[in-house]
$ cat entry09.cif   # mmCIF, C-alpha atoms and all ligand atoms
data_structure
#
loop_
_atom_site.label_atom_id
_atom_site.label_comp_id
_atom_site.auth_asym_id
_atom_site.auth_seq_id
_atom_site.Cartn_x
_atom_site.Cartn_y
_atom_site.Cartn_z
CA MET A 1 -24.69 94.10 96.32
CA SER A 2 -21.55 94.19 94.31
CA SER A 3 -20.11 90.86 93.26
CA VAL A 4 -16.68 92.47 93.13
CA ARG A 5 -16.91 93.25 96.83
CA LEU A 6 -18.07 89.74 97.54
CA SER A 7 -15.33 87.98 95.69
CA PHE A 8 -12.76 90.20 97.36
CA HIS A 9 -13.78 89.01 100.79
CA PHE A 10 -14.93 85.50 100.03
CA THR A 11 -12.94 82.34 99.67
CA ARG A 12 -13.71 79.51 97.31
CA LEU A 13 -16.51 77.11 97.94
CA THR A 14 -16.57 73.71 96.44
CA GLN A 15 -20.23 72.95 97.12
CA SER A 16 -22.55 73.46 94.18
CA ALA A 17 -25.43 75.00 96.01
CA THR A 18 -27.00 78.37 96.48
CA ARG A 19 -26.33 79.45 100.05
CA SER A 20 -28.83 82.00 101.07
CA SER A 21 -28.02 82.11 104.76
CA TRP A 22 -24.29 82.53 104.63
CA ARG A 23 -22.93 85.94 105.31
CA ALA A 24 -19.54 87.33 104.60
CA THR A 25 -17.63 88.86 107.43
CA ALA A 26 -14.88 91.10 106.30
CA THR A 27 -12.88 93.35 108.51
CA GLY A 28 -15.42 95.88 109.49
CA SER A 29 -18.25 94.96 107.16
CA ARG A 30 -20.91 92.39 106.70
CA TYR A 31 -22.79 91.61 103.57
CA MET A 32 -25.83 89.44 103.12
CA SER A 33 -24.93 86.75 100.66
CA GLN A 34 -28.34 85.72 99.39
CA ASN A 35 -28.44 83.96 96.07
CA ILE A 36 -24.77 83.54 95.55
CA SER A 37 -24.44 80.74 93.07
CA THR A 38 -21.51 78.67 94.29
CA THR A 39 -21.35 76.84 90.96
CA GLU A 40 -19.46 79.86 89.67
CA GLU A 41 -16.80 79.23 92.28
CA ALA A 42 -17.93 82.29 94.14
CA ALA A 43 -15.73 82.76 97.12
CA VAL A 44 -17.63 82.96 100.42
CA SER A 45 -16.40 83.39 103.96
CA LEU A 46 -18.72 82.60 106.80
CA ASP A 47 -20.20 84.52 109.67
CA ILE A 48 -20.66 82.94 113.08
CA GLU A 49 -23.20 80.15 112.61
CA PRO A 50 -24.82 78.89 115.86
CA SER A 51 -26.21 75.82 114.06
CA ARG A 52 -22.61 74.60 113.60
CA LEU A 53 -21.90 74.77 117.35
CA THR A 54 -20.34 71.63 118.80
CA VAL A 55 -20.25 70.86 122.52
CA THR A 56 -17.59 68.79 124.28
CA LYS A 57 -18.41 68.45 127.96
CA THR A 58 -15.72 68.27 130.60
CA MET A 59 -14.97 64.83 132.03
CA SER A 60 -13.88 66.36 135.33
CA PRO A 61 -16.30 69.07 136.50
CA LYS A 62 -14.82 71.33 139.16
CA GLU A 63 -16.28 71.72 142.61
CA LEU A 64 -18.45 74.83 142.81
CA PRO A 65 -16.83 77.50 144.97
CA ALA A 66 -18.56 78.73 148.12
CA SER A 67 -20.29 81.98 147.17
CA LYS A 68 -18.97 83.82 150.22
CA ASN A 69 -15.36 83.24 149.09
CA LEU A 70 -15.77 84.50 145.53
CA MET A 71 -13.26 87.06 144.39
CA PHE A 72 -13.72 88.83 141.06
CA GLY A 73 -12.19 86.96 138.13
CA ARG A 74 -10.41 84.27 140.16
CA THR A 75 -12.65 81.28 139.47
CA PHE A 76 -13.82 80.15 136.06
CA SER A 77 -16.68 77.86 135.16
CA ASP A 78 -16.23 74.44 133.56
CA HIS A 79 -16.57 75.40 129.90
CA MET A 80 -15.58 78.05 127.40
CA LEU A 81 -16.67 79.01 123.91
CA LYS A 82 -14.15 79.23 121.07
CA ILE A 83 -14.61 80.47 117.52
CA ARG A 84 -11.65 80.73 115.18
CA TRP A 85 -11.47 83.05 112.19
CA THR A 86 -9.16 83.24 109.21
CA ASP A 87 -9.38 85.76 106.43
CA ALA A 88 -9.51 82.85 103.99
CA THR A 89 -12.45 80.98 105.53
CA GLY A 90 -14.20 83.47 107.77
CA TRP A 91 -15.65 82.28 111.09
CA GLU A 92 -15.21 78.57 111.67
CA ALA A 93 -17.70 76.36 113.53
CA PRO A 94 -18.14 77.53 117.15
CA SER A 95 -17.23 75.03 119.86
CA ILE A 96 -17.92 74.79 123.55
CA GLU A 97 -15.07 72.96 125.22
CA PRO A 98 -13.78 72.33 128.72
CA PHE A 99 -12.17 75.50 130.13
CA GLY A 100 -8.47 75.25 129.37
CA THR A 101 -5.37 76.82 127.97
CA ILE A 102 -5.05 78.40 124.51
CA ASN A 103 -2.14 77.56 122.24
CA LEU A 104 -0.53 80.63 120.74
CA SER A 105 2.53 81.10 118.58
CA PRO A 106 5.11 83.30 120.33
CA GLY A 107 4.80 85.40 117.19
CA ALA A 108 1.03 85.91 117.65
CA THR A 109 0.06 89.49 116.88
CA VAL A 110 -1.93 89.79 120.11
CA LEU A 111 1.32 89.40 122.07
CA HIS A 112 3.27 92.01 120.10
CA TYR A 113 0.76 94.58 118.92
CA ALA A 114 -2.06 94.23 121.47
CA GLN A 115 -4.58 93.07 118.90
CA SER A 116 -7.05 92.29 121.63
CA LEU A 117 -10.46 93.53 122.72
CA PHE A 118 -13.03 92.32 125.18
CA GLU A 119 -16.45 92.78 126.72
CA GLY A 120 -17.87 92.46 130.20
CA MET A 121 -21.44 91.48 130.98
CA LYS A 122 -23.34 89.36 133.47
CA ALA A 123 -25.95 86.61 133.65
CA TYR A 124 -28.36 86.93 136.56
CA ARG A 125 -30.48 84.23 138.14
CA HIS A 126 -33.96 85.43 139.06
CA GLU A 127 -35.89 84.12 142.02
CA ASP A 128 -38.06 81.90 139.78
CA GLY A 129 -34.91 80.34 138.25
CA THR A 130 -34.99 82.30 134.99
CA VAL A 131 -31.52 83.31 133.81
CA THR A 132 -31.16 86.59 131.94
CA MET A 133 -28.50 88.92 130.61
CA PHE A 134 -28.85 92.69 130.70
CA ARG A 135 -28.92 94.46 127.32
CA PRO A 136 -26.28 92.14 125.78
CA ASP A 137 -27.09 93.53 122.32
CA MET A 138 -25.25 96.69 123.41
CA ASN A 139 -22.17 94.68 124.32
CA MET A 140 -22.28 92.93 120.94
CA LYS A 141 -22.51 96.27 119.19
CA ARG A 142 -19.62 97.69 121.21
CA MET A 143 -17.55 94.57 120.59
CA ASN A 144 -18.04 94.91 116.85
CA ASN A 145 -17.09 98.58 117.02
CA SER A 146 -13.94 97.64 118.93
CA ALA A 147 -13.17 94.96 116.32
CA LYS A 148 -13.49 97.50 113.51
CA ARG A 149 -11.19 99.92 115.33
CA LEU A 150 -8.51 97.21 115.51
CA ALA A 151 -9.07 95.81 112.00
CA LEU A 152 -10.13 92.53 113.63
CA PRO A 153 -13.06 90.66 112.05
CA ALA A 154 -16.60 91.78 112.80
CA PHE A 155 -19.41 89.27 113.27
CA ASP A 156 -23.14 88.82 113.69
CA GLY A 157 -23.74 89.82 117.32
CA ASN A 158 -27.00 87.87 117.56
CA ALA A 159 -25.23 84.73 116.39
CA LEU A 160 -22.54 85.14 119.06
CA LEU A 161 -25.25 85.72 121.67
CA GLU A 162 -26.92 82.46 120.66
CA CYS A 163 -23.65 80.62 121.28
CA ILE A 164 -23.09 82.43 124.60
CA LYS A 165 -26.61 81.41 125.60
CA GLU A 166 -25.64 77.76 125.08
CA LEU A 167 -22.47 78.22 127.14
CA ILE A 168 -24.35 79.78 130.05
CA SER A 169 -27.12 77.20 129.90
CA LEU A 170 -24.54 74.42 130.08
CA ASP A 171 -22.77 76.04 133.05
CA ARG A 172 -25.87 77.48 134.72
CA GLN A 173 -25.08 75.77 138.04
CA TRP A 174 -22.14 78.21 138.16
CA ILE A 175 -24.50 81.17 138.60
CA PRO A 176 -24.57 81.60 142.37
CA LYS A 177 -28.06 81.49 143.92
CA GLU A 178 -27.44 84.16 146.56
CA SER A 179 -28.87 87.60 145.98
CA GLY A 180 -26.50 90.14 144.45
CA HIS A 181 -24.45 87.38 142.81
CA SER A 182 -24.10 86.74 139.10
CA LEU A 183 -22.00 85.07 136.43
CA TYR A 184 -19.56 87.48 134.83
CA ILE A 185 -19.12 86.86 131.09
CA ARG A 186 -15.93 87.83 129.33
CA PRO A 187 -15.99 87.61 125.50
CA THR A 188 -12.53 88.32 124.04
CA LEU A 189 -11.24 88.64 120.48
CA ILE A 190 -7.52 88.41 119.67
CA GLY A 191 -5.30 88.37 116.59
CA THR A 192 -3.52 84.99 116.52
CA ASN A 193 -1.46 84.75 113.35
CA GLY A 194 2.17 84.10 114.21
CA THR A 195 3.70 86.63 111.87
CA LEU A 196 5.43 89.79 113.01
CA GLY A 197 4.42 92.97 111.23
CA VAL A 198 1.82 95.57 112.08
CA ALA A 199 -1.07 94.68 109.79
CA PRO A 200 -4.66 93.45 110.00
CA PRO A 201 -4.55 89.93 111.47
CA THR A 202 -5.16 87.07 109.05
CA GLU A 203 -6.16 84.76 111.90
CA ALA A 204 -8.15 85.49 115.02
CA LEU A 205 -9.74 83.74 117.97
CA LEU A 206 -12.92 84.77 119.71
CA PHE A 207 -13.39 83.08 123.06
CA VAL A 208 -15.78 83.49 125.94
CA ILE A 209 -15.05 82.54 129.55
CA THR A 210 -17.33 83.00 132.53
CA SER A 211 -16.70 83.56 136.22
CA PRO A 212 -19.09 83.54 139.21
CA VAL A 213 -19.03 86.83 141.13
CA GLY A 214 -20.46 88.18 144.34
CA PRO A 215 -21.85 91.66 145.03
CA TYR A 216 -19.33 94.45 144.56
CA TYR A 217 -20.26 95.96 147.91
CA PRO A 218 -21.10 93.01 150.18
CA HIS A 219 -21.37 95.24 153.24
CA GLY A 220 -23.43 98.09 151.75
CA PHE A 221 -22.35 101.09 149.77
CA LYS A 222 -19.12 102.69 150.76
CA PRO A 223 -18.31 105.91 148.91
CA VAL A 224 -14.80 105.98 147.45
CA PRO A 225 -12.22 108.77 147.34
CA LEU A 226 -10.73 109.51 143.89
CA HIS A 227 -7.40 110.93 142.90
CA GLY A 228 -7.75 113.46 140.07
CA THR A 229 -5.11 112.18 137.63
CA THR A 230 -3.46 114.85 135.51
CA GLU A 231 -0.05 113.25 134.95
CA TYR A 232 -1.35 110.37 132.79
CA ILE A 233 -4.16 110.22 130.25
CA ARG A 234 -6.46 107.30 129.43
CA ALA A 235 -7.74 108.61 126.12
CA ALA A 236 -7.27 111.44 123.66
CA PRO A 237 -9.26 112.73 120.69
CA GLY A 238 -8.82 110.34 117.77
CA GLY A 239 -7.46 107.65 120.09
CA THR A 240 -9.11 104.48 121.30
CA GLY A 241 -10.83 105.50 124.56
CA ALA A 242 -14.28 104.87 123.10
CA TYR A 243 -13.46 101.21 122.43
CA LYS A 244 -12.98 98.35 124.84
CA LEU A 245 -9.46 97.46 123.78
CA ALA A 246 -7.05 95.58 126.04
CA ALA A 247 -4.42 98.21 125.21
CA ASN A 248 -6.48 100.88 127.02
CA TYR A 249 -6.23 99.09 130.35
CA ALA A 250 -2.57 98.14 130.90
CA PRO A 251 -1.36 101.79 130.96
CA GLY A 252 -4.06 102.62 133.52
CA VAL A 253 -2.47 100.41 136.14
CA VAL A 254 0.27 102.92 137.03
CA ALA A 255 -2.33 105.67 137.44
CA GLN A 256 -4.32 103.37 139.71
CA LYS A 257 -1.17 102.48 141.67
CA SER A 258 -0.29 106.13 142.06
CA ALA A 259 -3.81 106.92 143.32
CA ALA A 260 -3.63 104.02 145.79
CA LYS A 261 -0.22 105.16 147.05
CA GLN A 262 -1.71 108.55 147.88
CA GLY A 263 -4.58 106.94 149.78
CA TYR A 264 -7.30 107.06 147.11
CA ALA A 265 -9.42 104.10 146.02
CA GLN A 266 -9.43 104.89 142.31
CA ASN A 267 -8.38 107.55 139.90
CA LEU A 268 -10.41 110.16 138.09
CA TRP A 269 -9.19 110.76 134.56
CA LEU A 270 -8.92 114.50 133.94
CA HIS A 271 -8.32 115.63 130.39
CA GLY A 272 -6.57 118.68 128.99
CA PRO A 273 -5.46 121.92 130.66
CA GLU A 274 -9.07 122.63 131.74
CA HIS A 275 -9.16 119.28 133.59
CA TRP A 276 -12.32 117.93 132.00
CA LEU A 277 -13.75 114.99 133.90
CA THR A 278 -13.87 111.91 131.67
CA GLU A 279 -14.07 108.56 133.49
CA VAL A 280 -13.55 107.07 136.95
CA GLY A 281 -10.99 104.24 136.78
CA THR A 282 -12.89 101.80 134.55
CA MET A 283 -16.31 103.35 135.01
CA ASN A 284 -18.31 106.12 133.39
CA LEU A 285 -18.87 109.22 135.45
CA PHE A 286 -21.93 111.20 136.50
CA ALA A 287 -22.15 114.44 138.47
CA VAL A 288 -25.35 115.92 139.88
CA ILE A 289 -25.51 119.68 140.31
CA LYS A 290 -28.36 122.04 141.13
CA ASP A 291 -28.42 124.95 138.75
CA LYS A 292 -28.91 128.52 139.98
CA ASP A 293 -32.73 128.05 139.67
CA GLY A 294 -32.61 124.94 141.84
CA ILE A 295 -33.20 122.49 138.95
CA THR A 296 -31.32 119.21 139.37
CA GLU A 297 -28.99 118.47 136.49
CA LEU A 298 -27.61 114.96 135.91
CA ILE A 299 -24.44 115.40 133.90
CA THR A 300 -22.21 112.88 132.16
CA PRO A 301 -19.43 113.65 129.68
CA PRO A 302 -20.53 113.29 126.03
CA LEU A 303 -19.49 110.39 123.80
CA ASP A 304 -16.84 112.48 122.08
CA GLY A 305 -14.50 109.61 121.21
CA MET A 306 -12.74 109.59 124.59
CA ILE A 307 -15.51 108.01 126.63
CA LEU A 308 -16.42 104.32 126.59
CA PRO A 309 -20.14 104.07 125.71
CA GLY A 310 -21.10 102.15 128.85
CA VAL A 311 -24.23 100.03 128.96
CA THR A 312 -24.88 101.23 132.52
CA ARG A 313 -24.28 104.85 131.46
CA ASP A 314 -26.84 104.52 128.67
CA SER A 315 -29.31 102.83 131.02
CA VAL A 316 -28.96 105.52 133.71
CA LEU A 317 -29.55 108.22 131.09
CA ALA A 318 -32.59 106.38 129.71
CA LEU A 319 -34.14 105.85 133.17
CA ALA A 320 -33.62 109.51 134.14
CA ARG A 321 -35.08 110.73 130.83
CA ASN A 322 -38.05 108.35 131.14
CA HIS A 323 -38.66 109.66 134.64
CA THR A 324 -38.73 113.30 133.60
CA SER A 325 -40.84 112.65 130.48
CA GLY A 326 -43.31 110.61 132.54
CA VAL A 327 -42.75 107.32 130.65
CA LYS A 328 -41.81 105.73 133.96
CA ARG A 329 -41.63 107.74 137.15
CA LEU A 330 -39.16 106.61 139.80
CA GLY A 331 -40.02 107.26 143.43
CA GLY A 332 -37.55 109.43 145.32
CA LEU A 333 -36.39 111.50 142.34
CA PRO A 334 -37.30 115.17 141.91
CA ASP A 335 -40.16 115.64 139.39
CA VAL A 336 -37.84 117.19 136.84
CA ILE A 337 -34.26 116.20 136.16
CA LYS A 338 -32.32 117.94 133.44
CA VAL A 339 -30.32 115.17 131.79
CA SER A 340 -27.16 116.46 130.11
CA GLU A 341 -24.42 114.79 128.10
CA ARG A 342 -22.01 117.67 128.24
CA PRO A 343 -18.43 118.46 129.23
CA ILE A 344 -17.82 119.28 132.88
CA ASN A 345 -14.47 120.28 134.39
CA MET A 346 -12.95 120.51 137.85
CA GLY A 347 -13.57 124.27 137.88
CA GLU A 348 -17.34 123.66 137.72
CA ILE A 349 -17.18 120.90 140.36
CA ILE A 350 -15.27 123.18 142.77
CA GLN A 351 -17.51 126.18 142.07
CA SER A 352 -20.74 124.21 142.57
CA SER A 353 -19.29 122.63 145.71
CA LYS A 354 -18.43 126.07 147.14
CA GLU A 355 -21.93 127.33 146.36
CA GLY A 356 -23.55 124.26 147.97
CA ARG A 357 -25.04 123.17 144.62
CA LEU A 358 -23.03 119.95 144.16
CA VAL A 359 -25.40 117.08 144.98
CA GLU A 360 -23.32 113.98 144.26
CA LEU A 361 -20.81 112.30 141.96
CA PHE A 362 -20.77 108.62 141.01
CA GLY A 363 -19.28 106.06 138.66
CA THR A 364 -21.31 103.53 136.67
CA GLY A 365 -20.37 100.15 135.25
CA THR A 366 -21.42 96.53 134.98
CA ALA A 367 -19.27 95.43 137.92
CA ALA A 368 -20.65 97.69 140.66
CA VAL A 369 -23.61 99.34 138.83
CA VAL A 370 -23.18 102.57 140.87
CA THR A 371 -20.13 103.65 142.89
CA PRO A 372 -20.61 106.79 145.01
CA VAL A 373 -17.67 109.19 145.43
CA ASP A 374 -17.04 111.20 148.61
CA ARG A 375 -13.94 113.23 147.74
CA ILE A 376 -11.54 114.09 144.94
CA GLY A 377 -7.86 114.67 145.59
CA TYR A 378 -6.98 117.58 143.36
CA ASN A 379 -4.15 120.10 143.20
CA GLY A 380 -2.78 119.00 146.55
CA GLY A 381 -6.10 119.32 148.40
CA ASP A 382 -9.37 117.44 148.66
CA VAL A 383 -12.73 118.48 147.19
CA THR A 384 -15.49 117.06 149.38
CA ILE A 385 -18.45 115.51 147.57
CA PRO A 386 -21.77 115.13 149.40
CA THR A 387 -23.09 111.58 149.87
CA GLY A 388 -26.40 110.24 151.16
CA LYS A 389 -26.84 108.76 154.62
CA ASP A 390 -26.43 105.15 153.47
CA GLY A 391 -23.57 105.97 151.12
CA MET A 392 -25.48 106.62 147.92
CA GLY A 393 -26.69 110.01 146.84
CA PRO A 394 -30.34 111.05 146.39
CA ILE A 395 -30.32 110.76 142.59
CA SER A 396 -28.16 107.67 142.09
CA GLU A 397 -30.04 105.64 144.72
CA PRO A 398 -33.45 105.41 142.96
CA LEU A 399 -31.70 104.91 139.59
CA TRP A 400 -29.57 102.11 141.08
CA ALA A 401 -32.62 100.48 142.69
CA GLU A 402 -34.48 100.46 139.37
CA LEU A 403 -31.50 99.03 137.47
CA VAL A 404 -30.84 96.29 139.99
CA GLY A 405 -34.57 95.53 140.16
CA ILE A 406 -34.58 94.97 136.40
CA GLN A 407 -31.39 92.91 136.39
CA THR A 408 -32.62 90.61 139.14
CA GLY A 409 -36.05 90.19 137.56
CA ALA A 410 -38.01 91.97 140.30
CA ILE A 411 -38.99 94.62 137.71
CA LYS A 412 -40.16 93.49 134.27
CA SER A 413 -38.23 95.04 131.39
CA ASN A 414 -37.45 94.37 127.77
CA TRP A 415 -33.81 95.09 128.64
CA ASN A 416 -33.59 91.51 129.92
CA TYR A 417 -32.45 88.86 127.41
CA VAL A 418 -33.64 85.43 128.49
CA VAL A 419 -30.91 82.81 128.50
CA ALA A 420 -32.77 79.96 130.19
CA GLN A 421 -36.21 79.59 131.80
C1 LIG B 501 -13.18 102.30 130.71
C2 LIG B 501 -14.56 101.89 131.06
N1 LIG B 501 -15.51 102.84 131.15
C3 LIG B 501 -16.79 102.52 131.46
C4 LIG B 501 -17.17 101.22 131.71
C5 LIG B 501 -18.60 100.91 132.04
O1 LIG B 501 -19.22 100.24 130.98
P1 LIG B 501 -20.43 99.26 131.23
O2 LIG B 501 -21.50 100.06 131.90
O3 LIG B 501 -20.82 98.80 129.87
O4 LIG B 501 -19.93 98.15 132.09
C6 LIG B 501 -16.21 100.20 131.64
C7 LIG B 501 -16.57 98.81 131.91
O5 LIG B 501 -16.84 98.10 131.00
C8 LIG B 501 -14.88 100.54 131.30
O6 LIG B 501 -13.94 99.59 131.20
#
$ encode --input "entry09.cif" --output "structure tokens"
Amino acid sequence: MSSVRLSFHFTRLTQSATRSSWRATATGSRYMSQNISTTEEAAVSLDIEPSRLTVTKTMSPKELPASKNLMFGRTFSDHMLKIRWTDATGWEAPSIEPFGTINLSPGATVLHYAQSLFEGMKAYRHEDGTVTMFRPDMNMKRMNNSAKRLALPAFDGNALLECIKELISLDRQWIPKESGHSLYIRPTLIGTNGTLGVAPPTEALLFVITSPVGPYYPHGFKPVPLHGTTEYIRAAPGGTGAYKLAANYAPGVVAQKSAAKQGYAQNLWLHGPEHWLTEVGTMNLFAVIKDKDGITELITPPLDGMILPGVTRDSVLALARNHTSGVKRLGGLPDVIKVSERPINMGEIIQSSKEGRLVELFGTGTAAVVTPVDRIGYNGGDVTIPTGKDGMGPISEPLWAELVGIQTGAIKSNWNYVVAQ
């Protein structure tokens, strides 16, 4: 490890000790700082350190909302996690505090230049009381990738998870007990220095809030109609579509509004003159087509820089591949599924629909897990998409059942991260 690199990123320490556990967090990089002698005034900035976590409990806990009245993102639990960062000191001591407002300078870079990114994951309560999160390591990885893309500070994802674990354990009564319910977790990282000028932030705040949520489809699966959006784009090559940046979402609202005005539930982002399918609203997209030999192909667009690498997307791909390879067979699926991460455009959807080879189309994401689609408004007409008898298609249904079984603890899996027993 180069001491030049270290002293560039590190600030001065006054302690005369050798700190073997401290790590430097620079914008985009992390270095192990073993054996840095601080007697030489080596400058060290800190990574997130769960052992420095302080907890201040609320003096006025809120009344728990009735589960049947929950609406996504409207109610927040009693506490939140905050971790400040400066480029001089690195990550400060994490604190769990009563849920409350955040003080920001009107000059804060997040307000002017959208230096903001976030994650979305859930904590599930199993029947035996165990609380788990689903593959949160993937969210931590994605959050760090987003941070690097915005020149915001990266961090040790495991350390943040440890702190989130404490937050959820403290507020575990906020995880509704009813089946299909969960606690939505929203980690967010923003640039906070109050200085105008487009530059890497010198101060940042990472905070985590949580919100109890009910099932996305309380009355069973209802396939949604999509409007094929060609007048706006969500992402472009070299852009930021592959990162979970706040700035990707605000411009999507007009596309969503336009779809709603035309009678569609969500919009389907079509890219380029060939109208490549990319994502559904804020979900990844899968199409299922039978090839000319009758083999079922599960297709999702490749991670080409325009697609958000969804945790659900990755899980669906893994389950389908494990099924075909025999690692774990899922009842109800054809013996062989060809799993493809490849481009697919509206021309292929229409052609396969005309030839009776289109099996289904669905979105995937943490919120709803699987959302079946029954039609796409395109070029002034509607392309009809087949759906199964209870709303879900024949391929998405067994994949959904397996995923939900894992998340709720009915199926054992090392994808579950235990928060509390
Ligand atoms: C744009 C976009 N695509 C896809 C997804 C699905 O990702 P995940 O499965 O990790 O929730 C999300 C939700 O996070 C999203 O915002």
$ closest_residue --input "entry09.cif" --among "A:Glu297, A:Asp156, A:Glu279, A:Glu162" --to "ligand LIG 501 (chain B)" --atoms "only C-alpha atoms and all ligand atoms"
A:Glu279
$ atom_distance --input "entry09.cif" --atom1 "CA of Trp85 in chain A" --atom2 "CA of Thr101 in chain A"
18.0 Å
$ residues_near_point --input "entry09.cif" --point "(-16.7, 117.9, 149.0)" --cutoff "7 Å" --atoms "only C-alpha atoms" --output "list in words"
Ser353, Asp374, Arg375, Val383, Thr384, Ile385 and Pro386 of chain A
$ residues_near_ligand --input "entry09.cif" --ligand "ligand LIG 501 (chain B)" --cutoff "8 Å" --atoms "all atoms listed in the file" --output "list of chain:residue names"
A:Glu119, A:Gly120, A:Met121, A:Asn139, A:Gly241, A:Lys244, A:Asn248, A:Tyr249, A:Glu279, A:Val280, A:Gly281, A:Thr282, A:Met283, A:Asn284, A:Ile307, A:Leu308, A:Pro309, A:Gly310, A:Val311, A:Thr312, A:Arg313, A:Asp314, A:Thr364, A:Gly365, A:Thr366, A:Ala367, A:Val369
$ residues_around --input "entry09.cif" --residues "Thr387 in chain A" --least-positions-apart "6" --cutoff "8 Å" --atoms "all atoms listed in the file" --output "number ranges by chain"
A: 223, 359-360, 372-374, 393
$ residues_around --input "entry09.cif" --residues "Leu403 in chain A" --least-positions-apart "2" --cutoff "9 Å" --atoms "only C-alpha atoms" --output "VMD selection string"
chain A and resid 312 315 to 316 319 369 398 to 401 405 to 408 411
$ atom_distance --input "entry09.cif" --atom1 "CA of Lys389 in chain A" --atom2 "CA of Val288 in chain A"
16.5 Å
$ closest_residue --input "entry09.cif" --among "A:Trp269, A:Phe134, A:Tyr217, A:Phe362" --to "Trp415 in chain A" --atoms "all atoms listed in the file"
A:Phe134
$ decode --input "entry09.cif" --residues "range 400-414 of chain A" --atoms "C-alpha atoms" --output "PDB file, in the first residue's frame"
ATOM      1  CA  TRP A 400     -42.275 -15.777  -7.415  1.00  0.00           C
ATOM      2  CA  ALA A 401     -43.412 -18.547  -5.034  1.00  0.00           C
ATOM      3  CA  GLU A 402     -39.811 -19.615  -4.417  1.00  0.00           C
ATOM      4  CA  LEU A 403     -38.624 -16.046  -3.830  1.00  0.00           C
ATOM      5  CA  VAL A 404     -41.432 -15.201  -1.441  1.00  0.00           C
ATOM      6  CA  GLY A 405     -40.958 -18.543   0.316  1.00  0.00           C
ATOM      7  CA  ILE A 406     -37.320 -17.638   0.952  1.00  0.00           C
ATOM      8  CA  GLN A 407     -38.075 -14.087   2.046  1.00  0.00           C
ATOM      9  CA  THR A 408     -40.715 -15.183   4.529  1.00  0.00           C
ATOM     10  CA  GLY A 409     -38.561 -17.980   5.923  1.00  0.00           C
ATOM     11  CA  ALA A 410     -40.729 -20.861   4.688  1.00  0.00           C
ATOM     12  CA  ILE A 411     -37.805 -21.965   2.482  1.00  0.00           C
ATOM     13  CA  LYS A 412     -34.311 -22.069   3.978  1.00  0.00           C
ATOM     14  CA  SER A 413     -31.726 -20.083   2.022  1.00  0.00           C
ATOM     15  CA  ASN A 414     -28.379 -18.443   2.539  1.00  0.00           C
TER      16      ASN A 414
END
